[in-house]
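Pasting structure.cif here (mmCIF, C-alpha atoms; chains and numbers go by the auth columns):
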```
data_start
#
loop_
_atom_site.group_PDB
_atom_site.id
_atom_site.type_symbol
_atom_site.label_atom_id
_atom_site.label_comp_id
_atom_site.label_asym_id
_atom_site.label_seq_id
_atom_site.Cartn_x
_atom_site.Cartn_y
_atom_site.Cartn_z
_atom_site.B_iso_or_equiv
_atom_site.auth_seq_id
_atom_site.auth_asym_id
ATOM 1 C CA MET A 1 143.338 143.169 151.284 0.00 1 A
ATOM 2 C CA MET A 2 142.588 141.566 154.627 0.00 2 A
ATOM 3 C CA ASN A 3 144.543 138.699 156.140 0.00 3 A
ATOM 4 C CA ILE A 4 143.585 136.777 159.267 0.00 4 A
ATOM 5 C CA ILE A 5 146.511 135.123 161.040 0.00 5 A
ATOM 6 C CA LEU A 6 144.776 132.020 162.358 0.00 6 A
ATOM 7 C CA SER A 7 147.607 131.094 164.725 0.00 7 A
ATOM 8 C CA LYS A 8 147.039 134.380 166.589 0.00 8 A
ATOM 9 C CA CYS A 9 143.225 134.465 166.390 0.00 9 A
ATOM 10 C CA THR A 10 141.440 133.520 169.614 0.00 10 A
ATOM 11 C CA GLY A 11 137.933 133.802 168.202 0.00 11 A
ATOM 12 C CA CYS A 12 137.023 136.557 170.669 0.00 12 A
ATOM 13 C CA GLY A 13 134.650 138.153 168.119 0.00 13 A
ATOM 14 C CA ILE A 14 135.704 141.802 168.504 0.00 14 A
ATOM 15 C CA CYS A 15 136.496 142.023 164.782 0.00 15 A
ATOM 16 C CA LYS A 16 133.017 140.751 163.969 0.00 16 A
ATOM 17 C CA LYS A 17 131.434 143.367 166.249 0.00 17 A
ATOM 18 C CA VAL A 18 133.350 146.316 164.777 0.00 18 A
ATOM 19 C CA CYS A 19 133.106 145.360 161.094 0.00 19 A
ATOM 20 C CA PRO A 20 130.845 148.000 159.462 0.00 20 A
ATOM 21 C CA PRO A 21 129.584 145.805 156.586 0.00 21 A
ATOM 22 C CA GLY A 22 129.418 142.685 158.783 0.00 22 A
ATOM 23 C CA VAL A 23 131.617 140.471 156.620 0.00 23 A
ATOM 24 C CA ILE A 24 133.468 138.705 159.441 0.00 24 A
ATOM 25 C CA ALA A 25 132.130 135.582 161.129 0.00 25 A
ATOM 26 C CA ILE A 26 133.498 133.378 163.880 0.00 26 A
ATOM 27 C CA ILE A 27 133.640 129.780 162.671 0.00 27 A
ATOM 28 C CA ALA A 28 135.293 126.990 164.658 0.00 28 A
ATOM 29 C CA LYS A 29 136.607 129.608 167.116 0.00 29 A
ATOM 30 C CA LYS A 30 138.427 131.572 164.405 0.00 30 A
ATOM 31 C CA ALA A 31 137.614 134.754 162.482 0.00 31 A
ATOM 32 C CA VAL A 32 136.665 134.216 158.843 0.00 32 A
ATOM 33 C CA LEU A 33 136.103 136.767 156.079 0.00 33 A
ATOM 34 C CA THR A 34 132.754 135.735 154.617 0.00 34 A
ATOM 35 C CA ASP A 35 132.356 138.226 151.771 0.00 35 A
ATOM 36 C CA TYR A 36 135.578 139.591 150.296 0.00 36 A
ATOM 37 C CA LYS A 37 133.805 141.877 147.807 0.00 37 A
ATOM 38 C CA SER A 38 131.904 143.675 150.574 0.00 38 A
ATOM 39 C CA CYS A 39 134.984 144.234 152.775 0.00 39 A
ATOM 40 C CA LEU A 40 135.679 147.976 152.926 0.00 40 A
ATOM 41 C CA GLU A 41 139.334 147.460 153.876 0.00 41 A
ATOM 42 C CA CYS A 42 138.770 150.151 156.500 0.00 42 A
ATOM 43 C CA GLY A 43 140.991 148.568 159.142 0.00 43 A
ATOM 44 C CA ALA A 44 138.482 148.632 162.003 0.00 44 A
ATOM 45 C CA CYS A 45 139.047 144.926 162.621 0.00 45 A
ATOM 46 C CA GLU A 46 142.833 145.324 162.654 0.00 46 A
ATOM 47 C CA LEU A 47 142.736 148.350 164.952 0.00 47 A
ATOM 48 C CA ASN A 48 140.525 146.559 167.476 0.00 48 A
ATOM 49 C CA CYS A 49 142.237 143.160 167.494 0.00 49 A
ATOM 50 C CA GLU A 50 144.305 143.036 170.671 0.00 50 A
ATOM 51 C CA PHE A 51 145.975 139.806 169.500 0.00 51 A
ATOM 52 C CA GLU A 52 147.308 141.345 166.256 0.00 52 A
ATOM 53 C CA ALA A 53 145.651 138.532 164.329 0.00 53 A
ATOM 54 C CA ILE A 54 144.410 140.716 161.476 0.00 54 A
ATOM 55 C CA GLU A 55 146.376 142.624 158.872 0.00 55 A
ATOM 56 C CA VAL A 56 144.652 145.015 156.514 0.00 56 A
ATOM 57 C CA THR A 57 146.422 146.530 153.552 0.00 57 A
ATOM 58 C CA LYS A 58 144.206 149.458 152.815 0.00 58 A
ATOM 59 C CA GLY A 59 143.309 149.391 149.197 0.00 59 A
ATOM 60 C CA THR A 60 140.357 150.593 147.234 0.00 60 A
ATOM 61 C CA GLY A 61 137.655 149.499 149.679 0.00 61 A
ATOM 62 C CA CYS A 62 136.653 152.987 150.813 0.00 62 A
ATOM 63 C CA PHE A 63 136.823 154.290 147.254 0.00 63 A
ATOM 64 C CA VAL A 64 134.561 151.480 146.070 0.00 64 A
ATOM 65 C CA ALA A 65 132.108 152.331 148.860 0.00 65 A
ATOM 66 C CA ILE A 66 131.989 155.945 147.662 0.00 66 A
ATOM 67 C CA ILE A 67 131.326 154.875 144.076 0.00 67 A
ATOM 68 C CA LYS A 68 128.589 152.453 145.105 0.00 68 A
ATOM 69 C CA GLU A 69 126.808 154.880 147.415 0.00 69 A
ATOM 70 C CA ASP A 70 127.293 158.270 145.760 0.00 70 A
ATOM 71 C CA ILE A 71 127.487 157.414 142.083 0.00 71 A
ATOM 72 C CA LEU A 72 125.578 154.150 141.724 0.00 72 A
ATOM 73 C CA LYS A 73 123.194 154.902 144.629 0.00 73 A
ATOM 74 C CA ILE A 74 123.645 151.429 146.164 0.00 74 A
ATOM 75 C CA THR A 75 122.966 151.438 149.896 0.00 75 A
ATOM 76 C CA PRO A 76 125.891 149.977 151.867 0.00 76 A
ATOM 77 C CA LYS A 77 125.331 147.077 154.280 0.00 77 A
ATOM 78 C CA GLY A 78 127.022 148.902 157.150 0.00 78 A
ATOM 79 C CA THR A 79 127.262 152.510 158.132 0.00 79 A
ATOM 80 C CA GLY A 80 130.695 154.055 158.039 0.00 80 A
ATOM 81 C CA CYS A 81 133.944 152.289 157.423 0.00 81 A
ATOM 82 C CA GLY A 82 135.896 153.757 160.322 0.00 82 A
ATOM 83 C CA CYS A 83 138.595 155.295 158.153 0.00 83 A
ATOM 84 C CA SER A 84 139.976 158.727 158.957 0.00 84 A
ATOM 85 C CA GLU A 85 138.835 160.078 155.595 0.00 85 A
ATOM 86 C CA GLY A 86 135.167 160.164 156.613 0.00 86 A
ATOM 87 C CA CYS A 87 134.239 158.600 153.291 0.00 87 A
ATOM 88 C CA CYS A 88 131.494 156.288 154.404 0.00 88 A
#
```
Whole structure given in structure tokens:
Amino acid sequence: MMNIILSKCTGCGICKKVCPPGVIAIIAKKAVLTDYKSCLECGACELNCEFEAIEVTKGTGCFVAIIKEDILKITPKGTGCGCSEGCC
């Protein structure tokens, strides 16, 4: 689960740049999650946000990516989720 704390978000765009599947956009000078289902919950956005405006509760995102790529043979939108497990 990903949560953007709008009161802390400056719209700098770092989260958008580091998001492997590209599911973050900057709209009206704030970060917005555009595709919840494609979010890998990898935490790259949270780790790179110097304003602590993003919270990621790591869930099944990386596991879902493994299932899609290895079992279902669906090519992911991004390359690598940034997690320490090396799953993507």
Give the centre and edge lengths of an axis-aligned box, in Å to one decimal, that holds all listed atoms of region 9-22 of chain A with 5 Å on each side, as JSON.
```
{"center_x": 136.3, "center_y": 140.8, "center_z": 163.6, "size_x": 23.8, "size_y": 24.5, "size_z": 24.1}
```
Atomic separation - CA of Ile5 (chain A) relative to CA of Ile54 (chain A), Å: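 Going from CA of Ile54 (chain A) over to CA of Ile5 (chain A), I get 6.0 Å.
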Spatial neighbours of Asn48 (chain A), max dist 12 Å, all atoms listed in the file, sep filter under 6 positions, as a list in words: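 Listed by chain and then number, they are Cys12, Gly13, Ile14, Cys15, Lys16, Lys17, Val18, Cys19, Cys42, Ile54, Glu55, Val56 and Gly82 of chain A.
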Atomic separation - CA of Glu52 (chain A) relative to CA of Ala31 (chain A), Å: 12.3 Å
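Take the candidates A:Lys73, A:Thr10, A:Tyr36, A:Met1 and check each one against Cys49 (chain A) using all atoms listed in the file; the shortest distance goes to A:Thr10.
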Local residues around (149.1, 131.0, 167.7), at most 12 Å away, using all atoms listed in the file, as a ChimeraX atom specification: /A:4-11,30,51-53
Please return region 3-32 of chain A, rebuilt to N, CA and C atoms, as a CSV table (one decimal), in the coordinates of the input.
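Below is the file out03.csv, written as the result:
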```csv
chain,number,residue,atom,x,y,z
A,3,ASN,N,144.0,140.0,155.9
A,3,ASN,CA,144.5,138.7,156.1
A,3,ASN,C,144.3,138.4,157.6
A,4,ILE,N,143.8,137.2,157.9
A,4,ILE,CA,143.6,136.8,159.3
A,4,ILE,C,144.7,135.8,159.6
A,5,ILE,N,145.4,136.0,160.6
A,5,ILE,CA,146.5,135.1,161.0
A,5,ILE,C,145.9,134.1,162.0
A,6,LEU,N,145.5,133.0,161.5
A,6,LEU,CA,144.8,132.0,162.4
A,6,LEU,C,145.5,131.6,163.6
A,7,SER,N,146.8,131.5,163.6
A,7,SER,CA,147.6,131.1,164.7
A,7,SER,C,147.5,132.1,165.9
A,8,LYS,N,147.2,133.4,165.6
A,8,LYS,CA,147.0,134.4,166.6
A,8,LYS,C,145.6,134.6,167.0
A,9,CYS,N,144.7,134.2,166.2
A,9,CYS,CA,143.2,134.5,166.4
A,9,CYS,C,142.7,133.6,167.5
A,10,THR,N,142.0,134.2,168.5
A,10,THR,CA,141.4,133.5,169.6
A,10,THR,C,139.9,133.3,169.5
A,11,GLY,N,139.4,133.9,168.4
A,11,GLY,CA,137.9,133.8,168.2
A,11,GLY,C,137.1,134.7,169.2
A,12,CYS,N,137.7,135.7,169.7
A,12,CYS,CA,137.0,136.6,170.7
A,12,CYS,C,135.8,137.3,170.1
A,13,GLY,N,135.8,137.5,168.8
A,13,GLY,CA,134.6,138.2,168.1
A,13,GLY,C,134.6,139.7,168.1
A,14,ILE,N,135.7,140.3,168.6
A,14,ILE,CA,135.7,141.8,168.5
A,14,ILE,C,135.7,142.3,167.1
A,15,CYS,N,136.5,141.6,166.2
A,15,CYS,CA,136.5,142.0,164.8
A,15,CYS,C,135.1,141.9,164.2
A,16,LYS,N,134.4,140.9,164.5
A,16,LYS,CA,133.0,140.8,164.0
A,16,LYS,C,132.1,141.9,164.4
A,17,LYS,N,132.3,142.3,165.7
A,17,LYS,CA,131.4,143.4,166.2
A,17,LYS,C,131.7,144.7,165.6
A,18,VAL,N,133.0,145.0,165.3
A,18,VAL,CA,133.4,146.3,164.8
A,18,VAL,C,133.3,146.4,163.3
A,19,CYS,N,133.1,145.3,162.6
A,19,CYS,CA,133.1,145.4,161.1
A,19,CYS,C,131.9,146.1,160.6
A,20,PRO,N,132.0,147.3,159.9
A,20,PRO,CA,130.8,148.0,159.5
A,20,PRO,C,129.9,147.2,158.5
A,21,PRO,N,130.5,146.5,157.5
A,21,PRO,CA,129.6,145.8,156.6
A,21,PRO,C,129.2,144.4,157.1
A,22,GLY,N,129.8,144.0,158.2
A,22,GLY,CA,129.4,142.7,158.8
A,22,GLY,C,129.9,141.5,158.0
A,23,VAL,N,131.1,141.5,157.5
A,23,VAL,CA,131.6,140.5,156.6
A,23,VAL,C,132.6,139.5,157.3
A,24,ILE,N,132.6,139.6,158.7
A,24,ILE,CA,133.5,138.7,159.4
A,24,ILE,C,132.6,137.8,160.3
A,25,ALA,N,132.9,136.5,160.3
A,25,ALA,CA,132.1,135.6,161.1
A,25,ALA,C,133.1,134.8,162.0
A,26,ILE,N,132.7,134.2,163.1
A,26,ILE,CA,133.5,133.4,163.9
A,26,ILE,C,133.0,131.9,163.6
A,27,ILE,N,133.9,131.2,163.0
A,27,ILE,CA,133.6,129.8,162.7
A,27,ILE,C,134.7,128.9,163.3
A,28,ALA,N,134.3,127.9,164.0
A,28,ALA,CA,135.3,127.0,164.7
A,28,ALA,C,136.3,127.8,165.5
A,29,LYS,N,135.8,128.8,166.2
A,29,LYS,CA,136.6,129.6,167.1
A,29,LYS,C,137.7,130.4,166.4
A,30,LYS,N,137.5,130.7,165.2
A,30,LYS,CA,138.4,131.6,164.4
A,30,LYS,C,137.6,132.6,163.6
A,31,ALA,N,138.2,133.7,163.3
A,31,ALA,CA,137.6,134.8,162.5
A,31,ALA,C,137.8,134.3,161.0
A,32,VAL,N,136.7,134.6,160.3
A,32,VAL,CA,136.7,134.2,158.8
A,32,VAL,C,136.0,135.4,158.1
```
